[in-house]
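*Asks:* TSV, C-alpha atoms, saved as work-v3.tsv, coming up:
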```tsv
chain	number	residue	atom	x	y	z
A	1	MET	CA	116.07	80.75	36.80
A	2	ASN	CA	117.83	78.68	39.48
A	3	ASN	CA	114.89	76.44	40.24
A	4	ILE	CA	114.08	72.88	39.22
A	5	LEU	CA	110.75	71.63	37.99
A	6	TYR	CA	110.09	67.93	37.65
A	7	VAL	CA	107.06	66.99	35.56
A	8	LEU	CA	106.62	63.25	35.89
A	9	ALA	CA	103.97	61.85	33.52
A	10	ALA	CA	102.26	58.67	34.62
A	11	SER	CA	99.75	57.89	31.92
A	12	ASN	CA	94.26	62.48	31.42
A	13	ALA	CA	91.10	62.65	33.36
A	14	VAL	CA	89.04	70.74	40.08
A	15	SER	CA	89.85	73.89	38.32
A	16	ALA	CA	91.85	74.99	41.37
A	17	LEU	CA	95.31	73.51	41.70
A	18	ASN	CA	95.67	70.68	44.22
A	19	THR	CA	98.97	71.39	45.91
A	20	VAL	CA	101.12	70.54	48.88
A	21	SER	CA	103.29	73.52	49.80
A	22	LEU	CA	106.97	73.06	50.61
A	23	THR	CA	109.04	74.54	53.44
A	24	ARG	CA	112.63	74.27	54.54
A	25	ARG	CA	114.12	71.48	56.64
A	26	VAL	CA	117.03	72.27	58.96
A	27	LYS	CA	119.87	69.76	59.34
A	28	ASN	CA	121.29	71.27	62.52
A	29	SER	CA	120.27	69.08	65.47
A	30	GLU	CA	119.60	72.04	67.78
A	31	GLU	CA	117.28	73.58	65.19
A	32	ASN	CA	115.59	70.21	64.78
A	33	GLN	CA	114.95	70.00	68.49
A	34	ASN	CA	113.54	73.55	68.56
A	35	ARG	CA	111.08	72.60	65.83
A	36	ILE	CA	110.14	69.39	67.58
A	37	ARG	CA	109.49	71.29	70.81
A	38	ALA	CA	107.42	73.87	68.94
A	39	ARG	CA	105.35	71.13	67.35
A	40	GLU	CA	104.77	69.48	70.73
A	41	GLU	CA	103.57	72.82	72.06
A	42	GLY	CA	101.00	72.97	69.28
A	43	LYS	CA	102.82	75.57	67.22
A	44	SER	CA	103.42	74.85	63.54
A	45	LEU	CA	106.56	76.23	61.94
A	46	TRP	CA	105.66	74.56	58.66
A	47	LYS	CA	102.22	76.08	58.00
A	48	ARG	CA	102.09	78.85	55.44
A	49	ALA	CA	99.86	81.88	55.86
A	50	ASP	CA	97.67	80.76	52.95
A	51	GLY	CA	96.76	77.57	54.82
A	52	ASN	CA	98.52	75.22	52.41
A	53	GLU	CA	100.55	72.40	53.91
A	54	ALA	CA	104.25	73.06	54.28
A	55	PHE	CA	106.99	71.20	52.42
A	56	SER	CA	110.49	71.58	53.83
A	57	ASN	CA	113.85	71.55	52.11
A	58	GLY	CA	117.28	70.74	53.46
A	59	ALA	CA	118.50	74.22	54.24
A	60	PRO	CA	121.22	75.24	53.93
A	61	LEU	CA	122.05	72.47	51.46
A	62	ASP	CA	118.67	72.19	49.71
A	63	GLY	CA	118.89	68.48	50.39
A	64	ILE	CA	115.45	67.21	51.39
A	65	TYR	CA	111.91	68.40	50.66
A	66	LEU	CA	109.06	67.64	53.07
A	67	GLY	CA	105.30	68.11	53.16
A	68	THR	CA	102.35	67.46	55.44
A	69	ILE	CA	99.73	64.75	54.96
A	70	GLU	CA	97.01	63.37	57.22
A	71	LEU	CA	96.11	59.77	57.98
A	72	GLY	CA	92.98	58.44	59.68
A	73	THR	CA	89.60	59.75	60.82
A	74	PRO	CA	89.94	62.27	62.32
A	75	GLY	CA	93.17	63.07	60.51
A	76	GLN	CA	96.54	62.81	62.23
A	77	SER	CA	99.23	65.03	60.69
A	78	PHE	CA	102.71	63.93	59.63
A	79	LEU	CA	105.58	65.82	58.02
A	80	LEU	CA	106.95	63.46	55.35
A	81	GLN	CA	109.76	63.36	52.83
A	82	PHE	CA	108.35	63.20	49.28
A	83	ASP	CA	110.58	60.80	47.36
A	84	THR	CA	110.35	59.96	43.64
A	85	GLY	CA	112.96	57.24	44.17
A	86	SER	CA	110.72	54.98	46.27
A	87	ALA	CA	107.06	53.98	46.52
A	88	ASP	CA	106.29	53.18	50.17
A	89	LEU	CA	104.29	55.46	52.46
A	90	TRP	CA	105.19	55.00	56.11
A	91	VAL	CA	104.85	56.77	59.44
A	92	TYR	CA	105.86	55.92	62.99
A	93	GLY	CA	103.45	53.64	64.87
A	94	PRO	CA	102.35	53.62	68.52
A	95	ASP	CA	105.15	51.17	69.45
A	96	ALA	CA	107.92	52.92	67.48
A	97	ASN	CA	111.29	53.62	69.10
A	98	THR	CA	110.93	57.41	68.95
A	99	THR	CA	110.09	60.27	71.25
A	100	ALA	CA	110.86	62.99	68.69
A	101	HIS	CA	108.08	62.23	66.18
A	102	PRO	CA	104.31	61.95	66.27
A	103	ARG	CA	103.20	58.33	66.23
A	104	PHE	CA	100.11	57.17	64.40
A	105	GLN	CA	97.54	56.23	67.02
A	106	THR	CA	95.67	53.32	65.46
A	107	SER	CA	92.98	53.27	68.16
A	108	ALA	CA	92.13	56.94	67.55
A	109	SER	CA	91.04	56.40	63.93
A	110	SER	CA	87.55	55.09	63.15
A	111	THR	CA	88.60	54.07	59.61
A	112	TYR	CA	91.80	52.20	60.50
A	113	ARG	CA	92.27	48.63	59.26
A	114	GLY	CA	95.32	46.79	60.54
A	115	SER	CA	97.03	43.58	59.47
A	116	THR	CA	99.79	41.20	60.50
A	117	VAL	CA	101.61	41.52	57.16
A	118	PRO	CA	105.26	42.38	57.93
A	119	TRP	CA	107.09	45.19	56.15
A	120	PHE	CA	110.76	46.09	55.79
A	121	VAL	CA	112.67	48.54	53.60
A	122	THR	CA	116.33	49.54	53.19
A	123	TYR	CA	117.18	52.85	51.52
A	124	GLY	CA	120.19	53.70	49.39
A	125	ASP	CA	122.02	55.36	52.28
A	126	GLY	CA	121.77	52.20	54.38
A	127	ASP	CA	118.95	53.34	56.67
A	128	THR	CA	116.29	50.73	57.40
A	129	THR	CA	112.82	50.68	58.88
A	130	SER	CA	110.36	47.89	59.56
A	131	GLY	CA	106.87	47.26	60.87
A	132	PHE	CA	103.61	46.12	59.33
A	133	VAL	CA	101.10	47.04	56.62
A	134	ALA	CA	97.79	48.83	57.30
A	135	GLN	CA	95.03	50.81	55.58
A	136	ASP	CA	93.33	54.09	56.42
A	137	THR	CA	92.11	57.33	54.85
A	138	LEU	CA	94.92	59.45	53.38
A	139	SER	CA	94.37	63.21	52.95
A	140	ILE	CA	96.84	65.01	50.70
A	141	GLY	CA	96.68	68.22	48.67
A	142	GLY	CA	92.88	68.47	48.82
A	143	PHE	CA	92.28	64.79	48.00
A	144	SER	CA	90.94	62.18	50.41
A	145	ILE	CA	91.76	58.56	49.54
A	146	PRO	CA	89.86	55.93	51.55
A	147	SER	CA	91.45	52.58	52.46
A	148	SER	CA	94.86	53.77	51.33
A	149	GLY	CA	97.63	51.28	52.02
A	150	PHE	CA	100.65	52.36	54.05
A	151	SER	CA	103.17	51.01	56.53
A	152	ILE	CA	103.41	51.55	60.26
A	153	ALA	CA	107.01	51.61	61.45
A	154	SER	CA	107.86	49.89	64.71
A	155	PHE	CA	111.63	50.20	64.22
A	156	THR	CA	113.94	52.62	62.41
A	157	THR	CA	117.69	53.06	62.47
A	158	THR	CA	118.98	55.73	64.86
A	159	ARG	CA	120.13	58.03	62.06
A	160	LEU	CA	116.72	57.90	60.38
A	161	GLU	CA	114.89	58.51	63.64
A	162	ALA	CA	117.10	61.55	64.31
A	163	GLN	CA	115.85	63.34	61.17
A	164	ILE	CA	113.11	65.96	61.31
A	165	GLU	CA	110.75	64.09	58.96
A	166	ASP	CA	108.04	61.88	60.45
A	167	GLY	CA	108.28	59.29	57.67
A	168	LEU	CA	108.31	59.08	53.92
A	169	ILE	CA	105.88	59.06	51.01
A	170	GLY	CA	107.07	57.48	47.77
A	171	LEU	CA	106.23	59.00	44.40
A	172	GLY	CA	107.57	56.09	42.36
A	173	PHE	CA	105.52	53.31	40.78
A	174	THR	CA	103.51	50.79	42.81
A	175	ARG	CA	105.65	47.90	41.52
A	176	LEU	CA	108.55	49.43	43.46
A	177	ALA	CA	106.70	49.42	46.81
A	178	ASN	CA	108.07	47.02	49.40
A	179	ASN	CA	104.68	46.94	51.12
A	180	GLN	CA	102.97	46.09	47.79
A	181	GLN	CA	100.38	48.83	48.40
A	182	THR	CA	99.05	51.08	45.62
A	183	THR	CA	100.64	54.53	45.72
A	184	PHE	CA	98.43	57.53	46.33
A	185	MET	CA	99.05	58.81	42.80
A	186	GLU	CA	98.03	55.55	41.15
A	187	ASN	CA	94.95	55.45	43.40
A	188	LEU	CA	93.99	58.90	42.13
A	189	ILE	CA	94.64	57.91	38.52
A	190	ALA	CA	92.23	55.00	39.04
A	191	GLY	CA	89.60	57.39	40.43
A	192	ASN	CA	89.97	56.37	44.07
A	193	GLY	CA	89.78	59.49	46.20
A	194	GLY	CA	89.07	62.16	43.60
A	195	THR	CA	89.44	63.19	39.98
A	196	LEU	CA	92.73	64.42	38.62
A	197	ASP	CA	92.86	67.16	35.99
A	198	ASN	CA	95.87	65.36	34.50
A	199	ASN	CA	97.57	62.06	35.26
A	200	TYR	CA	100.84	63.63	36.36
A	201	TYR	CA	102.29	65.71	39.15
A	202	GLY	CA	104.74	68.60	39.11
A	203	ILE	CA	107.42	69.31	41.68
A	204	PHE	CA	108.86	72.80	42.09
A	205	LEU	CA	112.02	72.87	44.23
A	206	GLU	CA	113.12	76.24	45.54
A	207	ARG	CA	116.77	76.71	46.45
A	208	ASP	CA	118.51	78.58	49.25
A	209	TYR	CA	119.75	81.88	47.86
A	210	THR	CA	121.44	82.93	51.08
A	211	LEU	CA	123.88	80.04	50.65
A	212	GLN	CA	124.55	81.26	47.12
A	213	ASN	CA	125.33	84.76	48.38
A	214	ARG	CA	127.81	83.42	50.93
A	215	ILE	CA	129.69	81.29	48.38
A	216	LEU	CA	129.90	84.19	45.94
A	217	ASN	CA	131.13	86.47	48.75
A	218	VAL	CA	128.21	88.79	48.09
A	219	ASP	CA	127.52	88.57	51.81
A	220	GLU	CA	130.13	86.74	53.89
A	221	ASN	CA	127.77	86.65	56.87
A	222	ALA	CA	124.79	85.31	54.95
A	223	THR	CA	123.13	82.38	56.68
A	224	SER	CA	120.27	80.19	55.66
A	225	ASP	CA	116.91	81.64	56.71
A	226	ASP	CA	115.72	78.52	58.47
A	227	THR	CA	112.41	80.13	59.44
A	228	ASP	CA	111.54	80.96	55.81
A	229	PRO	CA	108.56	78.69	55.05
A	230	THR	CA	109.07	78.65	51.30
A	231	GLY	CA	110.65	75.63	49.71
A	232	GLY	CA	108.56	74.71	46.70
A	233	GLU	CA	105.39	72.89	45.80
A	234	LEU	CA	103.96	69.52	44.84
A	235	CYS	CA	101.19	70.05	42.29
A	236	ILE	CA	98.97	66.95	42.10
A	237	GLY	CA	97.46	66.50	38.65
A	238	CYS	CA	98.82	69.85	37.58
A	239	ARG	CA	101.80	72.06	36.90
A	240	ASN	CA	101.87	75.59	38.27
A	241	SER	CA	102.78	78.15	35.58
A	242	GLN	CA	103.94	80.58	38.29
A	243	HIS	CA	107.00	78.39	38.81
A	244	TYR	CA	108.43	78.04	35.32
A	245	THR	CA	108.93	79.79	31.98
A	246	GLY	CA	109.22	78.39	28.45
A	247	SER	CA	107.95	75.11	27.05
A	248	PHE	CA	108.40	71.51	28.16
A	249	ASN	CA	110.65	68.89	26.66
A	250	PHE	CA	109.55	65.31	27.28
A	251	ALA	CA	111.75	62.30	27.97
A	252	THR	CA	110.32	58.79	27.67
A	253	VAL	CA	110.14	56.88	30.96
A	254	THR	CA	111.78	53.49	30.39
A	255	SER	CA	110.77	51.70	33.60
A	256	ASP	CA	107.59	50.87	35.52
A	257	TYR	CA	109.51	50.93	38.81
A	258	TYR	CA	111.51	54.17	38.73
A	259	TRP	CA	111.32	57.50	36.90
A	260	ALA	CA	114.11	56.29	34.59
A	261	VAL	CA	115.00	58.13	31.38
A	262	ASP	CA	117.84	58.00	28.87
A	263	CYS	CA	120.50	60.66	29.32
A	264	ALA	CA	122.45	61.28	26.10
A	265	GLY	CA	125.41	62.39	28.18
A	266	LEU	CA	127.02	64.94	30.45
A	267	THR	CA	127.78	68.33	28.95
A	268	TYR	CA	130.35	71.04	29.48
A	269	LYS	CA	129.79	74.52	28.09
A	270	GLY	CA	126.97	73.14	25.96
A	271	LYS	CA	128.96	70.29	24.44
A	272	THR	CA	128.08	66.65	25.17
A	273	ILE	CA	131.17	64.72	26.27
A	274	SER	CA	131.77	61.41	24.49
A	275	GLY	CA	131.36	58.27	26.59
A	276	THR	CA	129.02	59.80	29.19
A	277	ALA	CA	125.62	58.50	28.02
A	278	HIS	CA	123.76	56.62	30.77
A	279	LYS	CA	120.36	55.73	32.24
A	280	ALA	CA	119.18	58.39	34.71
A	281	LEU	CA	116.82	57.98	37.66
A	282	ILE	CA	115.05	61.21	38.65
A	283	ASP	CA	115.06	61.16	42.45
A	284	SER	CA	113.68	63.99	44.58
A	285	GLY	CA	114.86	62.09	47.66
A	286	SER	CA	118.55	62.52	46.84
A	287	SER	CA	120.79	65.57	46.73
A	288	ILE	CA	123.77	63.90	45.05
A	289	ILE	CA	124.66	62.86	41.50
A	290	SER	CA	125.56	59.18	41.29
A	291	LEU	CA	127.27	57.99	38.11
A	292	PRO	CA	129.07	54.86	36.87
A	293	PRO	CA	132.89	55.10	37.25
A	294	SER	CA	133.33	54.85	33.47
A	295	VAL	CA	131.10	57.88	32.94
A	296	ILE	CA	132.93	59.90	35.59
A	297	GLN	CA	136.30	59.04	34.05
A	298	ALA	CA	135.14	59.91	30.53
A	299	TYR	CA	133.78	63.24	31.72
A	300	ALA	CA	136.94	64.11	33.68
A	301	ASP	CA	139.07	63.27	30.64
A	302	GLY	CA	136.80	65.31	28.39
A	303	ILE	CA	137.01	68.51	30.42
A	304	GLY	CA	140.56	68.16	31.75
A	305	ALA	CA	139.58	67.61	35.37
A	306	GLN	CA	141.20	65.50	38.08
A	307	ILE	CA	139.27	62.92	40.11
A	308	GLN	CA	139.91	62.96	43.86
A	309	SER	CA	138.30	61.14	46.76
A	310	ALA	CA	135.70	63.24	48.53
A	311	GLY	CA	136.87	61.85	51.85
A	312	ILE	CA	133.37	60.85	52.95
A	313	GLY	CA	133.45	57.15	52.21
A	314	SER	CA	134.10	54.63	49.50
A	315	GLY	CA	132.85	55.56	46.06
A	316	ALA	CA	132.45	59.30	46.71
A	317	TYR	CA	134.57	61.60	44.54
A	318	VAL	CA	134.95	65.21	43.50
A	319	LEU	CA	136.17	66.67	40.21
A	320	VAL	CA	138.93	69.24	40.65
A	321	VAL	CA	138.90	71.90	37.95
A	322	THR	CA	140.71	75.19	37.36
A	323	CYS	CA	138.20	77.95	36.93
A	324	ALA	CA	138.81	81.65	37.54
A	325	ASP	CA	135.10	82.42	37.52
A	326	LEU	CA	132.52	79.96	38.78
A	327	ALA	CA	129.89	81.59	36.59
A	328	THR	CA	131.68	80.42	33.43
A	329	MET	CA	131.42	76.74	34.39
A	330	LYS	CA	128.56	75.14	32.50
A	331	PHE	CA	128.00	71.57	33.61
A	332	GLY	CA	124.83	69.90	32.42
A	333	PHE	CA	122.87	66.94	31.13
A	334	GLU	CA	121.37	66.22	27.72
A	335	PHE	CA	117.84	64.79	27.71
A	336	SER	CA	115.84	64.30	24.48
A	337	GLY	CA	118.08	66.64	22.51
A	338	GLN	CA	117.93	69.45	25.09
A	339	VAL	CA	120.86	70.48	27.31
A	340	TYR	CA	120.03	71.41	30.89
A	341	ASP	CA	122.81	73.32	32.64
A	342	VAL	CA	123.27	72.97	36.39
A	343	ALA	CA	124.18	76.13	38.27
A	344	PRO	CA	127.87	75.97	39.37
A	345	LEU	CA	126.82	76.81	42.92
A	346	ASP	CA	124.88	73.55	43.08
A	347	LEU	CA	128.13	71.67	42.42
A	348	PHE	CA	130.78	73.79	44.15
A	349	VAL	CA	132.10	72.26	47.40
A	350	GLY	CA	135.09	74.51	48.05
A	351	SER	CA	138.47	75.65	46.75
A	352	ASP	CA	142.13	75.21	47.61
A	353	GLY	CA	142.58	78.95	47.81
```
Re-express the file's structure as structure tokens.
*Replies:*
Amino acid sequence: MNNILYVLAASNAVSALNTVSLTRRVKNSEENQNRIRAREEGKSLWKRADGNEAFSNGAPLDGIYLGTIELGTPGQSFLLQFDTGSADLWVYGPDANTTAHPRFQTSASSTYRGSTVPWFVTYGDGDTTSGFVAQDTLSIGGFSIPSSGFSIASFTTTRLEAQIEDGLIGLGFTRLANNQQTTFMENLIAGNGGTLDNNYYGIFLERDYTLQNRILNVDENATSDDTDPTGGELCIGCRNSQHYTGSFNFATVTSDYYWAVDCAGLTYKGKTISGTAHKALIDSGSSIISLPPSVIQAYADGIGAQIQSAGIGSGAYVLVVTCADLATMKFGFEFSGQVYDVAPLDLFVGSDG
């Protein structure tokens, strides 16, 4: 199946699954503004009929996955990016430089505890945000975590503020957090805010099949269904058997900062290419594959491909291959003795005719 399931084990402690539902995020600015206006009018385009909170993906590119949490008493709702590559939770504050996002109203929460501790973070794409550290009740996926640490953003870069998400929630380890606050998952593992069935979470990421149809010329007019609320699921303390088949293969996590695992190498048509072994960081907040230049060169040499600049900035490249049928391309990764193929459509960026 063309879906991805991350099962990230942290360290075992309600029969029903505790989930945050996922919906699609739209990159088009006009669509973003329509959704912002709808939200301001009290209409939710991210709520599913079953009442679960919506998680959005980056349609039509399946780039970013978002979900709803609440902060404070009574709860104030925010649509956040769920990111395994970071560990800070932040939302816009009352003094933030934004009119497009809800801002956390500190005075409206009876459980809010502020501070003067400054906070600053820079992400891999160069975006930055800053503010201060605070504590309040966090509600997520059926759990309620009192005195949960988070950051209140007073400033964000223009590009970050222009996105549809109202902030970010990190799923990495606490040691990675710039605000030095315990992550919600590690709070739950410690018994703060509820009891987990298992000390892990599962992420199911649904992809945009209308984009696939257009690339394959099944339907030249196919467009991304930006109103489709489905996009996946975050299962907290669980894994949802409705979203996968087969058995699990486990890779040892080698860091207490990131979800880092050893990758035995890149594969092509089931064969691991020599010289491509590397350390891999599993990052739900990124839609690109970043590799050392030596690994890229070894892979290109191994499959007879040419390396060309992607034309989108320094360090970005594409592999040019000759392939009569996209379906025969089998690019993949080897983890713990198991090869995982990536669908060609998730790599294909165009042809020269």
*Asks:* Up to 9 Å from (117.0, 67.8, 23.4) in the file's coordinates: name the residues, counting all atoms listed in the file, as a list in words.
*Replies:*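 Residues found, by chain and rising number: Asn249, Phe250, Ala251, Ala264, Glu334, Phe335, Ser336, Gly337, Gln338, Val339 and Tyr340 of chain A.
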*Asks:* Could you check the closest approach to A:Gly85 for each of A:Tyr268, A:Tyr257, A:Phe155, A:Phe120 and tell me which residue wins, using only C-alpha atoms?
*Replies:* A:Tyr257
*Asks:* Point out the residue among A:Ala260, A:Ile169, A:Leu89, A:Val121 with the least atom-to-atom distance to A:Ala134, counting only C-alpha atoms.
*Replies:*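 So, comparing all the options, the nearest one is A:Leu89.
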*Asks:* Tell me, in Å to one decimal, how far atom CA of A:Phe132 is from atom CA of A:Ala190.
*Replies:*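 Interatomic distance, atom CA of A:Phe132 to atom CA of A:Ala190: 24.9 Å.
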*Asks:* When you count all atoms listed in the file, which of these residues is closest to A:Thr322: A:Pro102, A:Gln306, A:Ser107, A:Ala277?
*Replies:*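 So, comparing all the options, the nearest one is A:Gln306.
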*Asks:* Please determine the residues with any atom at most 10 Å from (107.4, 45.4, 48.2) (coordinates as given in the file, with only C-alpha atoms counting) and report them as a PyMOL selection string.
*Replies:* chain A and resi 87-88+119-121+174-181
*Asks:* Quick one: of A:Thr157, A:Ser241, A:Phe173, A:Thr182, who's nearest to A:Val253, counting only C-alpha atoms?
*Replies:*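 Of the candidates, the smallest distance to A:Val253 is held by A:Phe173.
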*Asks:* Would you work out the distance separating atom CA of A:Thr195 from atom CA of A:Gly75, expressed in Å to one decimal?
*Replies:*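 Distance between the two atoms: 20.9 Å.
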*Asks:* Which of these residues is nearest to A:Leu196, using all atoms listed in the file: A:Ala108, A:Cys235, A:Ser286, A:Ser147?
*Replies:*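 Residue with the minimum atom-to-atom distance to A:Leu196: A:Cys235.
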*Asks:* When distances are computed from only C-alpha atoms, which of A:Thr111, A:Val20, A:Ile282, A:Phe331 shows the smallest separation from A:Gly67?
*Replies:*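 Counting only C-alpha atoms, the residue closest to A:Gly67 is A:Val20.
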*Asks:* Rounded to one decimal in Å, what is the spacing between atom CA of A:Gly72 and atom CA of A:Phe204?
*Replies:* 27.7 Å
*Asks:* For A:Ser110, list every protein, DNA or RNA residue within 12 Å, evaluated using all atoms listed in the file, and leave out those in the same chain fewer than 6 positions away; present the list as a short mmCIF file (atom, residue, chain, number, x, y, z; two decimals) with C-alpha atoms, keeping the file's coordinate frame.
*Replies:*
```cif
data_model
loop_
_atom_site.label_atom_id
_atom_site.label_comp_id
_atom_site.auth_asym_id
_atom_site.auth_seq_id
_atom_site.Cartn_x
_atom_site.Cartn_y
_atom_site.Cartn_z
CA LEU A 71 96.11 59.77 57.98
CA GLY A 72 92.98 58.44 59.68
CA THR A 73 89.60 59.75 60.82
CA PRO A 74 89.94 62.27 62.32
CA GLY A 75 93.17 63.07 60.51
CA GLN A 76 96.54 62.81 62.23
CA GLN A 135 95.03 50.81 55.58
CA ASP A 136 93.33 54.09 56.42
CA THR A 137 92.11 57.33 54.85
CA PRO A 146 89.86 55.93 51.55
CA SER A 147 91.45 52.58 52.46
#
```
*Asks:* Reconstruct N, CA, C and O atoms of stretch 96-115 of chain A from the incomplete input and present them as a tab-separated table (two decimals), in the frame of the given file.
*Replies:*
```tsv
chain	number	residue	atom	x	y	z
A	96	ALA	N	106.64	52.56	68.10
A	96	ALA	CA	107.92	52.92	67.48
A	96	ALA	C	108.92	53.41	68.52
A	96	ALA	O	108.55	53.96	69.57
A	97	ASN	N	110.21	53.22	68.19
A	97	ASN	CA	111.29	53.62	69.10
A	97	ASN	C	111.64	55.08	68.89
A	97	ASN	O	112.76	55.43	68.54
A	98	THR	N	110.68	55.98	69.13
A	98	THR	CA	110.93	57.41	68.95
A	98	THR	C	110.15	58.22	69.97
A	98	THR	O	109.03	57.86	70.35
A	99	THR	N	110.79	59.29	70.41
A	99	THR	CA	110.09	60.27	71.25
A	99	THR	C	110.07	61.62	70.56
A	99	THR	O	109.49	62.58	71.07
A	100	ALA	N	110.71	61.71	69.39
A	100	ALA	CA	110.86	62.99	68.69
A	100	ALA	C	109.83	63.18	67.59
A	100	ALA	O	109.77	64.26	66.99
A	101	HIS	N	109.04	62.16	67.29
A	101	HIS	CA	108.08	62.23	66.18
A	101	HIS	C	106.69	61.84	66.63
A	101	HIS	O	106.54	61.01	67.54
A	102	PRO	N	105.67	62.42	65.98
A	102	PRO	CA	104.31	61.95	66.27
A	102	PRO	C	104.16	60.51	65.81
A	102	PRO	O	104.70	60.12	64.78
A	103	ARG	N	103.43	59.73	66.57
A	103	ARG	CA	103.20	58.33	66.23
A	103	ARG	C	101.72	58.13	65.90
A	103	ARG	O	100.85	58.65	66.60
A	104	PHE	N	101.48	57.40	64.82
A	104	PHE	CA	100.11	57.17	64.40
A	104	PHE	C	99.39	56.33	65.45
A	104	PHE	O	99.79	55.21	65.75
A	105	GLN	N	98.30	56.91	65.99
A	105	GLN	CA	97.54	56.23	67.02
A	105	GLN	C	96.40	55.45	66.35
A	105	GLN	O	95.38	56.00	65.97
A	106	THR	N	96.62	54.16	66.19
A	106	THR	CA	95.67	53.32	65.46
A	106	THR	C	94.29	53.32	66.12
A	106	THR	O	93.26	53.33	65.44
A	107	SER	N	94.26	53.35	67.45
A	107	SER	CA	92.98	53.27	68.16
A	107	SER	C	92.17	54.56	68.06
A	107	SER	O	90.97	54.57	68.36
A	108	ALA	N	92.82	55.65	67.63
A	108	ALA	CA	92.13	56.94	67.55
A	108	ALA	C	91.44	57.17	66.21
A	108	ALA	O	90.75	58.16	66.03
A	109	SER	N	91.63	56.25	65.26
A	109	SER	CA	91.04	56.40	63.93
A	109	SER	C	89.89	55.41	63.73
A	109	SER	O	90.07	54.19	63.87
A	110	SER	N	88.73	55.94	63.35
A	110	SER	CA	87.55	55.09	63.15
A	110	SER	C	87.60	54.34	61.82
A	110	SER	O	86.81	53.42	61.61
A	111	THR	N	88.52	54.71	60.93
A	111	THR	CA	88.60	54.07	59.61
A	111	THR	C	89.84	53.19	59.47
A	111	THR	O	90.13	52.69	58.38
A	112	TYR	N	90.56	52.97	60.54
A	112	TYR	CA	91.80	52.20	60.50
A	112	TYR	C	91.51	50.71	60.32
A	112	TYR	O	90.61	50.14	60.93
A	113	ARG	N	92.32	50.08	59.45
A	113	ARG	CA	92.27	48.63	59.26
A	113	ARG	C	93.69	48.09	59.33
A	113	ARG	O	94.53	48.39	58.49
A	114	GLY	N	93.98	47.31	60.35
A	114	GLY	CA	95.32	46.79	60.54
A	114	GLY	C	95.51	45.44	59.88
A	114	GLY	O	94.60	44.88	59.26
A	115	SER	N	96.72	44.90	60.00
A	115	SER	CA	97.03	43.58	59.47
A	115	SER	C	98.25	43.04	60.21
A	115	SER	O	98.87	43.75	61.01
```
